[in-house]
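Note sheet for the following structure.
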Amino acid sequence: MLTLILADASLELVPRKIAKHSSVVKLARRKGKKPEEILLDRSYHHSAMLSLPFSYKRGRPDIVHFALLIATSSPLYRMNKLKIFVHTINDKLIVLSHGLRFPKAYHRFEGLMEQLFKIERIEYKGKALLELKEKDFEGLMKELKLKRVIGLSRKGKASTFEDVARKLEDNSAIVIGGFPKGSFTDKVLKNIHELYSVHKLSLETALVVDRILYEYEKVYQ
């Protein structure tokens, strides 16, 4: 079993600090929700976000959406050989039930995440499909008790997707940034055993997810 973690993911509700900004209020009214009940989205809230710390890493829920679509469509996940967690930039943890498939339309994913952040548990016939927990990256590591935790970052040691996949033995985790730019926080980095860079270019999160899962499948299937 392999564990995939999207870490420091750019997925959160609008912070209270900017909830009264005109761009936030306008979108909230259009959606029929309170400002604090909608996702922070740079496409709409760029000017409001400039006052937020680490604003360059925030407001990109579409990155998480695309990466999750790729991961949950993979043969590895469909054969129940992949666990997926989303650790957000605000130290919230999204736990996926096995077999969960996300809506391909972004607006439906957006509504699903807004609902999850509000009620913290999405169920179907009494079964939890998604859960939102207050848990930081270190807490997740303590809970999972993984044998090996490998992170992918341009700041890591030069390697390749193929070589990293071979290092991912059973009960290991691959950690990929769920943000548009920058690097992992120190809280995440100190809980990663090995850090590798798999390309000289900065690659999109979804592409990295797709390629590392493909290489892992080639080695272990």
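All residue names refer to the structure tokens as shown: chains lettered A, B, ... in order, residues numbered from 1 in each chain, ligands numbered from 1 in order.
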**Item:** Selection: 9 Å around range 72-81 of chain A, only C-alpha atoms, excl. self and same-chain fewer than 6 positions, as a PyMOL selection string
**Value:** chain A and resi 1-3+98-102+210+213-214+216-217+221
Given the selection you just returned, output its residues as a file containing N, CA and C atoms, formatted as a PDB file, in the first residue's frame.
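Resulting contents of again_14.pdb:
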ATOM      1  N   MET A   1       0.847  -1.200   0.000  1.00  0.00           N
ATOM      2  CA  MET A   1       0.000   0.000   0.000  1.00  0.00           C
ATOM      3  C   MET A   1       0.886   1.254   0.000  1.00  0.00           C
ATOM      4  N   LEU A   2       0.610   2.146  -0.922  1.00  0.00           N
ATOM      5  CA  LEU A   2       1.312   3.424  -1.002  1.00  0.00           C
ATOM      6  C   LEU A   2       0.391   4.528  -0.489  1.00  0.00           C
ATOM      7  N   THR A   3       0.974   5.513   0.166  1.00  0.00           N
ATOM      8  CA  THR A   3       0.212   6.675   0.623  1.00  0.00           C
ATOM      9  C   THR A   3       0.655   7.911  -0.150  1.00  0.00           C
ATOM     10  N   HIS A  98     -11.952   5.056   0.663  1.00  0.00           N
ATOM     11  CA  HIS A  98     -11.529   4.335  -0.539  1.00  0.00           C
ATOM     12  C   HIS A  98     -12.679   4.245  -1.553  1.00  0.00           C
ATOM     13  N   GLY A  99     -12.320   4.400  -2.803  1.00  0.00           N
ATOM     14  CA  GLY A  99     -13.297   4.293  -3.881  1.00  0.00           C
ATOM     15  C   GLY A  99     -13.970   5.597  -4.235  1.00  0.00           C
ATOM     16  N   LEU A 100     -13.684   6.649  -3.471  1.00  0.00           N
ATOM     17  CA  LEU A 100     -14.292   7.952  -3.739  1.00  0.00           C
ATOM     18  C   LEU A 100     -13.805   8.508  -5.075  1.00  0.00           C
ATOM     19  N   ARG A 101     -14.723   8.994  -5.877  1.00  0.00           N
ATOM     20  CA  ARG A 101     -14.381   9.656  -7.136  1.00  0.00           C
ATOM     21  C   ARG A 101     -14.905  11.085  -7.081  1.00  0.00           C
ATOM     22  N   PHE A 102     -14.078  12.010  -7.478  1.00  0.00           N
ATOM     23  CA  PHE A 102     -14.448  13.416  -7.409  1.00  0.00           C
ATOM     24  C   PHE A 102     -15.140  13.872  -8.697  1.00  0.00           C
ATOM     25  N   ASP A 210       0.667  12.176 -11.532  1.00  0.00           N
ATOM     26  CA  ASP A 210       0.449  11.206 -12.609  1.00  0.00           C
ATOM     27  C   ASP A 210       1.705  10.391 -12.889  1.00  0.00           C
ATOM     28  N   LEU A 213       2.924   7.990  -9.853  1.00  0.00           N
ATOM     29  CA  LEU A 213       2.048   6.831  -9.695  1.00  0.00           C
ATOM     30  C   LEU A 213       2.239   5.847 -10.839  1.00  0.00           C
ATOM     31  N   TYR A 214       2.436   6.371 -12.035  1.00  0.00           N
ATOM     32  CA  TYR A 214       2.670   5.500 -13.195  1.00  0.00           C
ATOM     33  C   TYR A 214       3.964   4.698 -13.011  1.00  0.00           C
ATOM     34  N   TYR A 216       5.457   3.996 -10.215  1.00  0.00           N
ATOM     35  CA  TYR A 216       5.277   3.069  -9.098  1.00  0.00           C
ATOM     36  C   TYR A 216       4.519   1.819  -9.563  1.00  0.00           C
ATOM     37  N   GLU A 217       3.505   2.025 -10.372  1.00  0.00           N
ATOM     38  CA  GLU A 217       2.729   0.887 -10.901  1.00  0.00           C
ATOM     39  C   GLU A 217       3.611  -0.030 -11.752  1.00  0.00           C
ATOM     40  N   GLN A 221       3.468  -3.585  -9.792  1.00  0.00           N
ATOM     41  CA  GLN A 221       2.304  -4.380 -10.218  1.00  0.00           C
ATOM     42  C   GLN A 221       2.754  -5.703 -10.829  1.00  0.00           C
TER      43      GLN A 221
END
Restrict the calculation to only C-alpha atoms, then for each residue of range 66-164 of chain A with any atom at most 8 Å from an atom of range 177-191 of chain A give the closest atom pair and their distance in Å to one decimal, rows by chain and rising residue number, as a tab-separated table.
residue	atom	partner	partner_atom	distance
A:Phe137	CA	A:Val188	CA	6.0
A:Glu138	CA	A:Asn191	CA	6.4
A:Met141	CA	A:Asn191	CA	7.3
A:Val149	CA	A:Asn191	CA	7.8
A:Leu152	CA	A:Gly177	CA	7.6
A:Ser153	CA	A:Ser183	CA	7.1
A:Lys155	CA	A:Ser183	CA	7.9
**Item:** strand (DSSP E or B) per DSSP on the backbone: members of range 15-203 of chain A, as number ranges by chain
**Value:** A: 39, 82-88, 92-96, 121-124, 127-134, 148-158, 172-177, 194-197
**Prompt:** Near Ile18 in chain A, within 7 Å and counting only C-alpha atoms, which residues show up once chain neighbours fewer than 3 positions away are dropped, as a PyMOL selection string?
**Reply:** chain A and resi 15+21+48
Taking C-alpha atoms for each residue, export the selection above as a PDB file, in the first residue's frame.
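The result, written out as again-v7.pdb:
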ATOM      1  CA  PRO A  15     -10.008  33.974   5.971  1.00  0.00           C
ATOM      2  CA  HIS A  21     -13.264  42.829   0.853  1.00  0.00           C
ATOM      3  CA  ALA A  48      -7.824  40.853  -1.350  1.00  0.00           C
TER       4      ALA A  48
END
**Message:** Please list as a list in words every residue within 9 Å of Tyr220 in chain A, counting only C-alpha atoms and excluding residues in the same chain fewer than 5 positions away.
**Reply:** Arg166, Glu169 and Glu215 of chain A
With DSSP run on the backbone, what are the alpha helix (DSSP H) residues within range 146-195 of chain A? I'd like them as a PDB file with N, CA, C and O atoms, in the first residue's frame.
ATOM      1  N   PHE A 161      11.859  10.210 -11.723  1.00  0.00           N
ATOM      2  CA  PHE A 161      10.619   9.564 -11.291  1.00  0.00           C
ATOM      3  C   PHE A 161      10.839   8.063 -11.107  1.00  0.00           C
ATOM      4  O   PHE A 161      10.361   7.471 -10.138  1.00  0.00           O
ATOM      5  N   GLU A 162      11.577   7.453 -12.038  1.00  0.00           N
ATOM      6  CA  GLU A 162      11.809   6.008 -11.983  1.00  0.00           C
ATOM      7  C   GLU A 162      12.558   5.614 -10.718  1.00  0.00           C
ATOM      8  O   GLU A 162      12.174   4.653 -10.030  1.00  0.00           O
ATOM      9  N   ASP A 163      13.637   6.338 -10.412  1.00  0.00           N
ATOM     10  CA  ASP A 163      14.442   5.993  -9.235  1.00  0.00           C
ATOM     11  C   ASP A 163      13.678   6.208  -7.935  1.00  0.00           C
ATOM     12  O   ASP A 163      13.782   5.419  -6.995  1.00  0.00           O
ATOM     13  N   VAL A 164      12.908   7.292  -7.869  1.00  0.00           N
ATOM     14  CA  VAL A 164      12.115   7.542  -6.661  1.00  0.00           C
ATOM     15  C   VAL A 164      11.071   6.450  -6.473  1.00  0.00           C
ATOM     16  O   VAL A 164      10.868   5.955  -5.361  1.00  0.00           O
ATOM     17  N   ALA A 165      10.435   6.033  -7.546  1.00  0.00           N
ATOM     18  CA  ALA A 165       9.414   4.979  -7.465  1.00  0.00           C
ATOM     19  C   ALA A 165       9.995   3.696  -6.898  1.00  0.00           C
ATOM     20  O   ALA A 165       9.337   2.990  -6.122  1.00  0.00           O
ATOM     21  N   ARG A 166      11.228   3.388  -7.262  1.00  0.00           N
ATOM     22  CA  ARG A 166      11.862   2.155  -6.760  1.00  0.00           C
ATOM     23  C   ARG A 166      12.145   2.224  -5.261  1.00  0.00           C
ATOM     24  O   ARG A 166      12.285   1.194  -4.609  1.00  0.00           O
ATOM     25  N   LYS A 167      12.240   3.416  -4.719  1.00  0.00           N
ATOM     26  CA  LYS A 167      12.499   3.585  -3.290  1.00  0.00           C
ATOM     27  C   LYS A 167      11.223   3.471  -2.455  1.00  0.00           C
ATOM     28  O   LYS A 167      11.269   3.335  -1.241  1.00  0.00           O
ATOM     29  N   ASP A 186       8.534  24.399   6.921  1.00  0.00           N
ATOM     30  CA  ASP A 186       9.498  23.693   7.771  1.00  0.00           C
ATOM     31  C   ASP A 186       8.828  22.566   8.542  1.00  0.00           C
ATOM     32  O   ASP A 186       9.439  21.517   8.791  1.00  0.00           O
ATOM     33  N   LYS A 187       7.556  22.759   8.921  1.00  0.00           N
ATOM     34  CA  LYS A 187       6.833  21.730   9.674  1.00  0.00           C
ATOM     35  C   LYS A 187       6.656  20.460   8.857  1.00  0.00           C
ATOM     36  O   LYS A 187       6.633  19.361   9.407  1.00  0.00           O
ATOM     37  N   VAL A 188       6.525  20.617   7.555  1.00  0.00           N
ATOM     38  CA  VAL A 188       6.417  19.456   6.676  1.00  0.00           C
ATOM     39  C   VAL A 188       7.793  18.859   6.422  1.00  0.00           C
ATOM     40  O   VAL A 188       7.998  17.651   6.533  1.00  0.00           O
ATOM     41  N   LEU A 189       8.758  19.713   6.104  1.00  0.00           N
ATOM     42  CA  LEU A 189      10.100  19.237   5.763  1.00  0.00           C
ATOM     43  C   LEU A 189      10.740  18.399   6.865  1.00  0.00           C
ATOM     44  O   LEU A 189      11.415  17.404   6.584  1.00  0.00           O
TER      45      LEU A 189
END
**Request:** Tell me which of A:Lys17, A:Ser159, A:Leu130, A:Phe109 sits closest to Val95 in chain A, counting only C-alpha atoms.
**Result:** A:Leu130
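Each of A:Asp170, A:Glu131, A:Asp91, A:Glu12 was compared to Glu37 in chain A using only C-alpha atoms, and A:Glu12 turns out to be the nearest.
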**Message:** So, with only C-alpha atoms as the atoms that count, which of A:Arg60, A:Lys33, A:Lys92, A:Lys125 lies closest to His46 in chain A?
**Reply:** A:Arg60
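Considering the residues A:Leu129, A:Val86, A:Val24, A:Ile176 and counting only C-alpha atoms, Met49 in chain A has its shortest atom-to-atom contact with A:Val24.
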**Message:** For a quick check of understanding, using only C-alpha atoms, which of A:Lys26, A:Ile63, A:Ala7, A:Phe54 has the smallest distance to Tyr106 in chain A?
**Reply:** A:Ile63
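Minimum atom-to-atom distances from A:Leu168, A:Ile174, A:Leu96, A:Ala206 to Leu69 in chain A were compared using only C-alpha atoms, and the lowest value belongs to A:Ala206.
Here CA of Glu143 in chain A and CA of Leu116 in chain A stand 21.9 Å from one another.
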What's around Lys135 in chain A at 10 Å? Count only C-alpha atoms, leave out sequence neighbours fewer than 3 positions away in its own chain, and write the answer as an mmCIF file with C-alpha atoms, in the first residue's frame.
data_model
loop_
_atom_site.group_PDB
_atom_site.id
_atom_site.type_symbol
_atom_site.label_atom_id
_atom_site.label_comp_id
_atom_site.auth_asym_id
_atom_site.auth_seq_id
_atom_site.Cartn_x
_atom_site.Cartn_y
_atom_site.Cartn_z
ATOM 1 C CA HIS A 87 -2.971 18.328 4.244
ATOM 2 C CA THR A 88 -3.860 21.997 3.838
ATOM 3 C CA ASN A 90 -3.765 25.779 7.511
ATOM 4 C CA ASP A 91 -3.076 22.350 9.047
ATOM 5 C CA LYS A 92 -6.411 20.771 8.268
ATOM 6 C CA LEU A 93 -6.502 17.204 7.026
ATOM 7 C CA ILE A 94 -8.899 15.805 4.444
ATOM 8 C CA LEU A 132 -12.092 17.136 7.640
ATOM 9 C CA GLU A 138 3.457 15.802 12.075
ATOM 10 C CA GLY A 139 0.269 14.468 13.633
ATOM 11 C CA LEU A 140 -0.541 12.601 10.427
#
Which residues are near Lys34 in chain A? Cut-off 9 Å, only C-alpha atoms, ignore same chain within fewer than 4 positions. Put them as a CSV table (one decimal) with C-alpha atoms, in the first residue's frame.
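Contents of result07.csv, freshly written:
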chain,number,residue,atom,x,y,z
A,19,ALA,CA,-14.1,38.5,4.4
A,25,VAL,CA,-18.5,39.9,-0.8
A,28,ALA,CA,-20.4,35.3,-1.9
A,29,ARG,CA,-23.6,37.1,-2.9
A,38,ILE,CA,-16.6,30.2,0.1
